[in-house]
file my_file18.txt (compact mmCIF, N, CA and C atoms)
# COMPACT_ATOMS: atom_id res chain seq x y z
N MET L 347 39.77 -15.44 63.81
CA MET L 347 39.98 -14.03 63.53
C MET L 347 40.44 -13.89 62.09
N HIS L 348 39.80 -12.98 61.37
CA HIS L 348 40.12 -12.78 59.96
C HIS L 348 41.34 -11.89 59.84
N ASN L 349 42.11 -12.18 58.86
CA ASN L 349 43.28 -11.35 58.56
C ASN L 349 42.83 -10.28 57.56
N VAL L 350 42.60 -9.07 58.03
CA VAL L 350 42.10 -7.99 57.20
C VAL L 350 43.28 -7.26 56.59
N ARG L 351 43.22 -7.08 55.29
CA ARG L 351 44.28 -6.38 54.58
C ARG L 351 43.80 -5.01 54.17
N PHE L 352 44.56 -4.00 54.55
CA PHE L 352 44.23 -2.64 54.15
C PHE L 352 45.14 -2.25 53.01
N CYS L 353 44.55 -1.60 52.07
CA CYS L 353 45.38 -1.10 50.96
C CYS L 353 44.88 0.29 50.56
N CYS L 354 45.72 0.99 49.88
CA CYS L 354 45.39 2.32 49.43
C CYS L 354 45.02 2.28 47.96
N ASP L 355 43.96 2.97 47.63
CA ASP L 355 43.57 3.09 46.24
C ASP L 355 44.05 4.44 45.73
N GLU L 356 44.61 4.42 44.56
CA GLU L 356 45.06 5.68 43.99
C GLU L 356 43.85 6.47 43.50
N ILE L 357 43.82 7.72 43.89
CA ILE L 357 42.70 8.58 43.53
C ILE L 357 43.14 9.47 42.38
N GLU L 358 42.27 9.55 41.39
CA GLU L 358 42.58 10.41 40.26
C GLU L 358 42.48 11.88 40.66
N VAL L 359 43.45 12.65 40.23
CA VAL L 359 43.48 14.08 40.56
C VAL L 359 42.43 14.79 39.73
N GLU L 360 41.58 15.54 40.40
CA GLU L 360 40.56 16.31 39.70
C GLU L 360 40.79 17.78 39.99
N HIS L 361 40.67 18.58 38.99
CA HIS L 361 40.75 20.03 39.17
C HIS L 361 39.77 20.68 38.21
N PRO L 362 39.32 21.87 38.55
CA PRO L 362 38.32 22.53 37.69
C PRO L 362 38.88 22.87 36.32
N SER L 363 38.00 22.83 35.36
CA SER L 363 38.38 23.19 34.00
C SER L 363 38.22 24.68 33.81
N TRP L 364 39.10 25.27 33.03
CA TRP L 364 39.07 26.72 32.82
C TRP L 364 37.82 27.17 32.05
N ASP L 365 37.15 26.25 31.36
CA ASP L 365 35.96 26.64 30.59
C ASP L 365 34.66 26.34 31.33
N ASP L 366 34.73 25.96 32.60
CA ASP L 366 33.55 25.73 33.41
C ASP L 366 32.90 27.07 33.75
N ASP L 367 31.57 27.11 33.79
CA ASP L 367 30.84 28.36 34.05
C ASP L 367 31.19 28.97 35.40
N GLN L 368 31.29 28.15 36.42
CA GLN L 368 31.61 28.67 37.76
C GLN L 368 33.03 29.23 37.82
N VAL L 369 33.94 28.59 37.12
CA VAL L 369 35.33 29.07 37.09
C VAL L 369 35.39 30.42 36.37
N ILE L 370 34.69 30.53 35.27
CA ILE L 370 34.68 31.79 34.51
C ILE L 370 34.07 32.90 35.36
N ALA L 371 32.96 32.60 36.06
CA ALA L 371 32.33 33.61 36.91
C ALA L 371 33.28 34.04 38.03
N GLY L 372 33.96 33.09 38.65
CA GLY L 372 34.92 33.42 39.71
C GLY L 372 36.07 34.25 39.20
N LEU L 373 36.58 33.91 38.03
CA LEU L 373 37.69 34.67 37.44
C LEU L 373 37.26 36.08 37.05
N VAL L 374 36.04 36.21 36.53
CA VAL L 374 35.55 37.54 36.16
C VAL L 374 35.41 38.42 37.40
N LEU L 375 34.84 37.86 38.47
CA LEU L 375 34.70 38.63 39.72
C LEU L 375 36.06 38.99 40.31
N ALA L 376 37.00 38.05 40.28
CA ALA L 376 38.35 38.32 40.80
C ALA L 376 39.04 39.39 39.95
N ALA L 377 38.86 39.31 38.63
CA ALA L 377 39.47 40.30 37.75
C ALA L 377 38.86 41.69 37.97
N LEU L 378 37.55 41.75 38.14
CA LEU L 378 36.89 43.03 38.40
C LEU L 378 37.37 43.63 39.74
N GLY L 379 37.47 42.80 40.76
CA GLY L 379 37.97 43.27 42.04
C GLY L 379 39.41 43.74 41.96
N PHE L 380 40.24 42.98 41.23
CA PHE L 380 41.64 43.35 41.05
C PHE L 380 41.75 44.68 40.32
N LEU L 381 40.98 44.84 39.23
CA LEU L 381 41.02 46.08 38.46
C LEU L 381 40.49 47.27 39.26
N ALA L 382 39.44 47.06 40.05
CA ALA L 382 38.93 48.14 40.89
C ALA L 382 39.97 48.56 41.93
N THR L 383 40.69 47.59 42.47
CA THR L 383 41.75 47.90 43.44
C THR L 383 42.89 48.65 42.78
N VAL L 384 43.28 48.21 41.58
CA VAL L 384 44.36 48.90 40.84
C VAL L 384 43.93 50.33 40.51
N PHE L 385 42.69 50.51 40.08
CA PHE L 385 42.18 51.85 39.77
C PHE L 385 42.20 52.75 41.00
N THR L 386 41.71 52.22 42.12
CA THR L 386 41.70 53.01 43.36
C THR L 386 43.11 53.35 43.81
N MET L 387 44.01 52.40 43.69
CA MET L 387 45.41 52.65 44.06
C MET L 387 46.03 53.70 43.14
N ALA L 388 45.69 53.66 41.85
CA ALA L 388 46.20 54.66 40.91
C ALA L 388 45.69 56.05 41.26
N VAL L 389 44.43 56.15 41.67
CA VAL L 389 43.88 57.45 42.11
C VAL L 389 44.63 57.93 43.35
N PHE L 390 44.88 57.03 44.28
CA PHE L 390 45.66 57.41 45.47
C PHE L 390 47.05 57.90 45.09
N ILE L 391 47.70 57.22 44.16
CA ILE L 391 49.05 57.62 43.74
C ILE L 391 49.00 58.96 43.02
N CYS L 392 47.98 59.15 42.19
CA CYS L 392 47.84 60.40 41.44
C CYS L 392 47.64 61.60 42.38
N TYR L 393 46.86 61.40 43.42
CA TYR L 393 46.57 62.46 44.38
C TYR L 393 47.31 62.23 45.71
N ASN L 394 48.53 61.77 45.60
CA ASN L 394 49.34 61.36 46.75
C ASN L 394 49.58 62.48 47.75
N HIS L 395 49.68 63.71 47.30
CA HIS L 395 50.05 64.81 48.19
C HIS L 395 48.86 65.67 48.61
N THR L 396 47.65 65.19 48.40
CA THR L 396 46.48 65.95 48.83
C THR L 396 46.20 65.64 50.30
N PRO L 397 45.54 66.56 51.00
CA PRO L 397 45.27 66.34 52.43
C PRO L 397 44.42 65.09 52.72
N VAL L 398 43.49 64.77 51.84
CA VAL L 398 42.63 63.61 52.08
C VAL L 398 43.45 62.32 52.05
N VAL L 399 44.32 62.19 51.06
CA VAL L 399 45.14 60.97 50.96
C VAL L 399 46.15 60.93 52.09
N LYS L 400 46.73 62.07 52.43
CA LYS L 400 47.68 62.11 53.54
C LYS L 400 47.01 61.72 54.85
N ALA L 401 45.79 62.17 55.05
CA ALA L 401 45.06 61.88 56.29
C ALA L 401 44.68 60.41 56.40
N SER L 402 44.63 59.71 55.28
CA SER L 402 44.23 58.30 55.31
C SER L 402 45.40 57.36 55.57
N THR L 403 46.54 57.90 55.94
CA THR L 403 47.77 57.13 56.17
C THR L 403 48.14 56.39 54.89
N ARG L 404 48.76 57.12 53.98
CA ARG L 404 49.07 56.62 52.64
C ARG L 404 49.74 55.25 52.66
N GLU L 405 50.79 55.11 53.47
CA GLU L 405 51.58 53.89 53.45
C GLU L 405 50.74 52.67 53.81
N LEU L 406 49.92 52.81 54.84
CA LEU L 406 49.07 51.69 55.24
C LEU L 406 47.97 51.43 54.21
N SER L 407 47.50 52.48 53.56
CA SER L 407 46.51 52.29 52.50
C SER L 407 47.11 51.50 51.34
N TYR L 408 48.36 51.79 50.99
CA TYR L 408 49.02 51.04 49.92
C TYR L 408 49.21 49.58 50.32
N ILE L 409 49.52 49.34 51.58
CA ILE L 409 49.66 47.96 52.04
C ILE L 409 48.31 47.23 51.94
N ILE L 410 47.23 47.92 52.29
CA ILE L 410 45.90 47.31 52.15
C ILE L 410 45.59 47.02 50.68
N PHE L 411 45.93 47.94 49.79
CA PHE L 411 45.70 47.71 48.36
C PHE L 411 46.47 46.50 47.86
N VAL L 412 47.73 46.38 48.25
CA VAL L 412 48.54 45.23 47.82
C VAL L 412 47.95 43.94 48.39
N GLY L 413 47.51 43.97 49.65
CA GLY L 413 46.88 42.79 50.23
C GLY L 413 45.61 42.40 49.50
N MET L 414 44.83 43.40 49.09
CA MET L 414 43.61 43.10 48.34
C MET L 414 43.93 42.51 46.97
N MET L 415 44.95 43.05 46.30
CA MET L 415 45.34 42.49 45.00
C MET L 415 45.84 41.05 45.15
N MET L 416 46.59 40.79 46.22
CA MET L 416 47.04 39.42 46.47
C MET L 416 45.86 38.50 46.75
N SER L 417 44.87 39.01 47.45
CA SER L 417 43.68 38.22 47.76
C SER L 417 42.92 37.84 46.49
N TYR L 418 42.73 38.82 45.61
CA TYR L 418 42.05 38.52 44.34
C TYR L 418 42.88 37.57 43.48
N SER L 419 44.19 37.69 43.53
CA SER L 419 45.06 36.82 42.74
C SER L 419 45.08 35.38 43.25
N SER L 420 44.75 35.20 44.51
CA SER L 420 44.83 33.85 45.07
C SER L 420 43.82 32.90 44.43
N SER L 421 42.77 33.43 43.84
CA SER L 421 41.80 32.55 43.18
C SER L 421 42.45 31.81 42.02
N LEU L 422 43.44 32.41 41.38
CA LEU L 422 44.14 31.73 40.29
C LEU L 422 44.87 30.48 40.79
N ALA L 423 45.44 30.57 41.97
CA ALA L 423 46.16 29.42 42.52
C ALA L 423 45.21 28.27 42.83
N PHE L 424 44.00 28.58 43.26
CA PHE L 424 43.02 27.52 43.54
C PHE L 424 42.51 26.85 42.27
N LEU L 425 42.51 27.59 41.19
CA LEU L 425 41.98 27.05 39.94
C LEU L 425 43.04 26.42 39.06
N ALA L 426 44.30 26.63 39.38
CA ALA L 426 45.39 26.09 38.56
C ALA L 426 45.48 24.57 38.74
N LYS L 427 46.11 23.94 37.77
CA LYS L 427 46.33 22.50 37.85
C LYS L 427 47.23 22.22 39.05
N PRO L 428 46.88 21.23 39.87
CA PRO L 428 47.65 20.97 41.08
C PRO L 428 49.12 20.67 40.79
N SER L 429 49.97 21.41 41.46
CA SER L 429 51.42 21.19 41.41
C SER L 429 51.96 21.63 42.76
N THR L 430 53.22 21.39 42.98
CA THR L 430 53.81 21.81 44.26
C THR L 430 53.70 23.31 44.43
N THR L 431 54.01 24.05 43.37
CA THR L 431 53.97 25.51 43.45
C THR L 431 52.55 26.01 43.68
N SER L 432 51.60 25.51 42.90
CA SER L 432 50.22 26.00 43.05
C SER L 432 49.64 25.63 44.41
N CYS L 433 50.02 24.50 44.96
CA CYS L 433 49.53 24.12 46.29
C CYS L 433 50.13 25.00 47.38
N ILE L 434 51.41 25.33 47.25
CA ILE L 434 52.04 26.22 48.23
C ILE L 434 51.41 27.61 48.16
N VAL L 435 51.23 28.11 46.95
CA VAL L 435 50.64 29.44 46.78
C VAL L 435 49.20 29.46 47.27
N ALA L 436 48.44 28.39 46.99
CA ALA L 436 47.05 28.33 47.41
C ALA L 436 46.92 28.28 48.94
N ARG L 437 47.91 27.74 49.60
CA ARG L 437 47.87 27.69 51.07
C ARG L 437 48.34 29.00 51.70
N LEU L 438 49.36 29.62 51.12
CA LEU L 438 49.98 30.79 51.73
C LEU L 438 49.31 32.11 51.36
N LEU L 439 48.95 32.28 50.10
CA LEU L 439 48.51 33.59 49.62
C LEU L 439 47.25 34.13 50.30
N PRO L 440 46.20 33.33 50.48
CA PRO L 440 45.01 33.90 51.14
C PRO L 440 45.29 34.36 52.57
N GLY L 441 45.97 33.55 53.34
CA GLY L 441 46.29 33.94 54.72
C GLY L 441 47.22 35.13 54.78
N LEU L 442 48.21 35.14 53.91
CA LEU L 442 49.16 36.24 53.88
C LEU L 442 48.47 37.55 53.48
N SER L 443 47.61 37.47 52.48
CA SER L 443 46.93 38.69 52.01
C SER L 443 45.99 39.23 53.07
N PHE L 444 45.21 38.36 53.72
CA PHE L 444 44.28 38.85 54.73
C PHE L 444 45.00 39.32 55.98
N SER L 445 46.13 38.71 56.32
CA SER L 445 46.87 39.20 57.48
C SER L 445 47.47 40.57 57.18
N MET L 446 47.87 40.81 55.93
CA MET L 446 48.34 42.15 55.55
C MET L 446 47.22 43.17 55.70
N ILE L 447 46.05 42.83 55.21
CA ILE L 447 44.91 43.75 55.27
C ILE L 447 44.53 44.03 56.72
N TYR L 448 44.38 42.97 57.52
CA TYR L 448 43.93 43.15 58.91
C TYR L 448 44.98 43.86 59.75
N ALA L 449 46.26 43.54 59.55
CA ALA L 449 47.30 44.21 60.34
C ALA L 449 47.33 45.71 60.03
N ALA L 450 47.18 46.06 58.75
CA ALA L 450 47.15 47.48 58.39
C ALA L 450 45.90 48.16 58.95
N LEU L 451 44.76 47.49 58.93
CA LEU L 451 43.54 48.06 59.50
C LEU L 451 43.64 48.24 61.01
N VAL L 452 44.25 47.27 61.69
CA VAL L 452 44.44 47.40 63.14
C VAL L 452 45.37 48.57 63.44
N THR L 453 46.41 48.72 62.63
CA THR L 453 47.34 49.83 62.83
C THR L 453 46.65 51.17 62.61
N LYS L 454 45.83 51.27 61.56
CA LYS L 454 45.10 52.52 61.30
C LYS L 454 44.11 52.80 62.42
N THR L 455 43.43 51.78 62.90
CA THR L 455 42.47 51.95 63.98
C THR L 455 43.17 52.39 65.26
N ASN L 456 44.30 51.78 65.54
CA ASN L 456 45.09 52.16 66.72
C ASN L 456 45.51 53.62 66.63
N ARG L 457 45.94 54.04 65.46
CA ARG L 457 46.38 55.43 65.26
C ARG L 457 45.22 56.39 65.51
N ILE L 458 44.06 56.09 64.96
CA ILE L 458 42.89 56.96 65.13
C ILE L 458 42.46 56.99 66.60
N ALA L 459 42.47 55.85 67.26
CA ALA L 459 42.08 55.81 68.68
C ALA L 459 43.05 56.62 69.53
N ARG L 460 44.33 56.56 69.21
CA ARG L 460 45.31 57.33 69.97
C ARG L 460 45.16 58.82 69.72
N ILE L 461 44.84 59.19 68.48
CA ILE L 461 44.63 60.60 68.18
C ILE L 461 43.41 61.12 68.94
N LEU L 462 42.32 60.36 68.91
CA LEU L 462 41.11 60.79 69.61
C LEU L 462 41.31 60.80 71.12
N ALA L 463 42.05 59.84 71.65
CA ALA L 463 42.33 59.82 73.09
C ALA L 463 43.23 60.99 73.46
N GLY L 464 44.12 61.38 72.57
CA GLY L 464 45.00 62.51 72.83
C GLY L 464 44.26 63.83 72.84
N ASN L 465 43.16 63.91 72.09
CA ASN L 465 42.37 65.15 72.07
C ASN L 465 41.63 65.40 73.38
N LYS L 466 41.40 64.35 74.16
CA LYS L 466 40.69 64.51 75.42
C LYS L 466 41.60 65.11 76.50
N LYS L 467 42.90 64.92 76.33
CA LYS L 467 43.86 65.45 77.29
C LYS L 467 44.38 66.78 76.78
N ILE L 468 44.99 67.52 77.64
CA ILE L 468 45.65 68.75 77.20
C ILE L 468 46.95 68.33 76.53
N MET L 469 47.09 68.72 75.27
CA MET L 469 48.25 68.30 74.47
C MET L 469 49.46 69.15 74.84
N ILE L 470 50.34 68.60 75.67
CA ILE L 470 51.58 69.28 76.02
C ILE L 470 52.68 68.88 75.06
N ARG L 471 52.69 67.61 74.74
CA ARG L 471 53.70 67.12 73.80
C ARG L 471 53.02 66.32 72.69
N LYS L 472 53.76 66.13 71.64
CA LYS L 472 53.24 65.38 70.49
C LYS L 472 53.14 63.90 70.84
N LEU L 473 52.12 63.22 70.33
CA LEU L 473 51.97 61.80 70.58
C LEU L 473 53.14 61.03 69.98
N ARG L 474 53.57 60.00 70.68
CA ARG L 474 54.70 59.21 70.21
C ARG L 474 54.26 58.17 69.18
N PHE L 475 55.16 57.82 68.31
CA PHE L 475 54.98 56.76 67.31
C PHE L 475 53.81 57.03 66.37
N MET L 476 53.63 58.28 65.97
CA MET L 476 52.55 58.62 65.05
C MET L 476 53.04 58.87 63.63
N SER L 477 54.36 58.81 63.41
CA SER L 477 54.88 59.06 62.07
C SER L 477 54.54 57.88 61.16
N ALA L 478 54.67 58.10 59.85
CA ALA L 478 54.38 57.05 58.88
C ALA L 478 55.32 55.87 59.07
N LEU L 479 56.60 56.15 59.34
CA LEU L 479 57.58 55.08 59.55
C LEU L 479 57.20 54.25 60.77
N ALA L 480 56.83 54.91 61.85
CA ALA L 480 56.44 54.18 63.07
C ALA L 480 55.21 53.32 62.81
N GLN L 481 54.27 53.82 62.01
CA GLN L 481 53.07 53.05 61.70
C GLN L 481 53.40 51.82 60.87
N VAL L 482 54.32 51.95 59.92
CA VAL L 482 54.71 50.80 59.09
C VAL L 482 55.46 49.78 59.95
N ILE L 483 56.29 50.23 60.88
CA ILE L 483 56.98 49.31 61.78
C ILE L 483 55.97 48.60 62.67
N TYR L 484 54.99 49.32 63.16
CA TYR L 484 53.93 48.71 63.98
C TYR L 484 53.17 47.68 63.15
N PHE L 485 52.88 48.01 61.89
CA PHE L 485 52.21 47.05 61.00
C PHE L 485 53.06 45.79 60.84
N SER L 486 54.37 45.96 60.65
CA SER L 486 55.27 44.82 60.47
C SER L 486 55.25 43.91 61.69
N CYS L 487 55.15 44.50 62.87
CA CYS L 487 55.08 43.70 64.09
C CYS L 487 53.75 42.94 64.16
N CYS L 488 52.67 43.56 63.74
CA CYS L 488 51.37 42.89 63.73
C CYS L 488 51.31 41.79 62.67
N PHE L 489 51.98 42.03 61.57
CA PHE L 489 51.95 41.12 60.43
C PHE L 489 52.70 39.87 60.78

call {"tool": "encode", "arguments": {"input": "my_file18.txt", "output": "structure tokens"}}
result
Amino acid sequence: MHNVRFCCDEIEVEHPSWDDDQVIAGLVLAALGFLATVFTMAVFICYNHTPVVKASTRELSYIIFVGMMMSYSSSLAFLAKPSTTSCIVARLLPGLSFSMIYAALVTKTNRIARILAGNKKIMIRKLRFMSALAQVIYFSCCF
């Protein structure tokens, strides 16, 4: 029987270069998405008290905008030179941002479904947990 020796070879750390074409294309797309989100959020803030913005559940819309900005920003963590911080951010930020977006969307969908279900019945009393604060608390539980 042969005595087999296992050993570990050190692997050189490789990371993308900032001047690579694919990296530049990814950064440009992420920057465009981030700027479009900031622009849309600024329009929402500017017209904060209009009926259309109020009807869209402002608070949850802002949470979706922040989640989208975090999502676009996460590409920077993937392209950064590997370090403890960049690895933690690269693991946490995408999941955190998408869970923010999906939890807010589920909350908005739940609100709309409850409003539509309430219209089918004779409205004797106001639906419970429909305030903005209740919706943000519901989002926090989903998140």

call {"tool": "residues_around", "arguments": {"input": "my_file18.txt", "residues": "segment 438-455 of chain L", "least_positions_apart": "3", "cutoff": "10 Å", "atoms": "only C-alpha atoms", "output": "PyMOL selection string"}}
result
chain L and resi 402-403+405-421+423+432-435+458-461+481-489

call {"tool": "atom_distance", "arguments": {"input": "my_file18.txt", "atom1": "atom C of Ala376 of chain L", "atom2": "atom CA of Ala426 of chain L"}}
result
14.8 Å

call {"tool": "closest_residue", "arguments": {"input": "my_file18.txt", "among": "L:Arg457, L:His361, L:Leu373, L:Arg404", "to": "Met387 of chain L", "atoms": "only C-alpha atoms"}}
result
L:Arg404

call {"tool": "residues_around", "arguments": {"input": "my_file18.txt", "residues": "Val359 of chain L", "least_positions_apart": "3", "cutoff": "8 Å", "atoms": "only N, CA and C atoms", "output": "tab-separated table (two decimals) with N, CA and C atoms, keeping the file's coordinate frame"}}
result
chain	number	residue	atom	x	y	z
L	356	GLU	N	44.61	4.42	44.56
L	356	GLU	CA	45.06	5.68	43.99
L	356	GLU	C	43.85	6.47	43.50
L	362	PRO	N	39.32	21.87	38.55
L	362	PRO	CA	38.32	22.53	37.69
L	362	PRO	C	38.88	22.87	36.32
L	428	PRO	N	46.88	21.23	39.87
L	428	PRO	CA	47.65	20.97	41.08
L	428	PRO	C	49.12	20.67	40.79

call {"tool": "atom_distance", "arguments": {"input": "my_file18.txt", "atom1": "atom CA of Thr383 of chain L", "atom2": "atom CA of Val399 of chain L"}}
result
15.5 Å

call {"tool": "select_by_dssp", "arguments": {"input": "my_file18.txt", "residues": "chain L", "states": "helix (DSSP H, G or I)", "output": "ChimeraX atom specification"}}
result
/L:367-392,397-401,404-425,430-466,478-488

call {"tool": "closest_residue", "arguments": {"input": "my_file18.txt", "among": "L:Ala377, L:Glu358, L:Val398, L:Phe352", "to": "Leu422 of chain L", "atoms": "only C-alpha atoms"}}
result
L:Ala377

call {"tool": "atom_distance", "arguments": {"input": "my_file18.txt", "atom1": "atom CA of Ala436 of chain L", "atom2": "atom CA of Asp366 of chain L"}}
result
19.6 Å
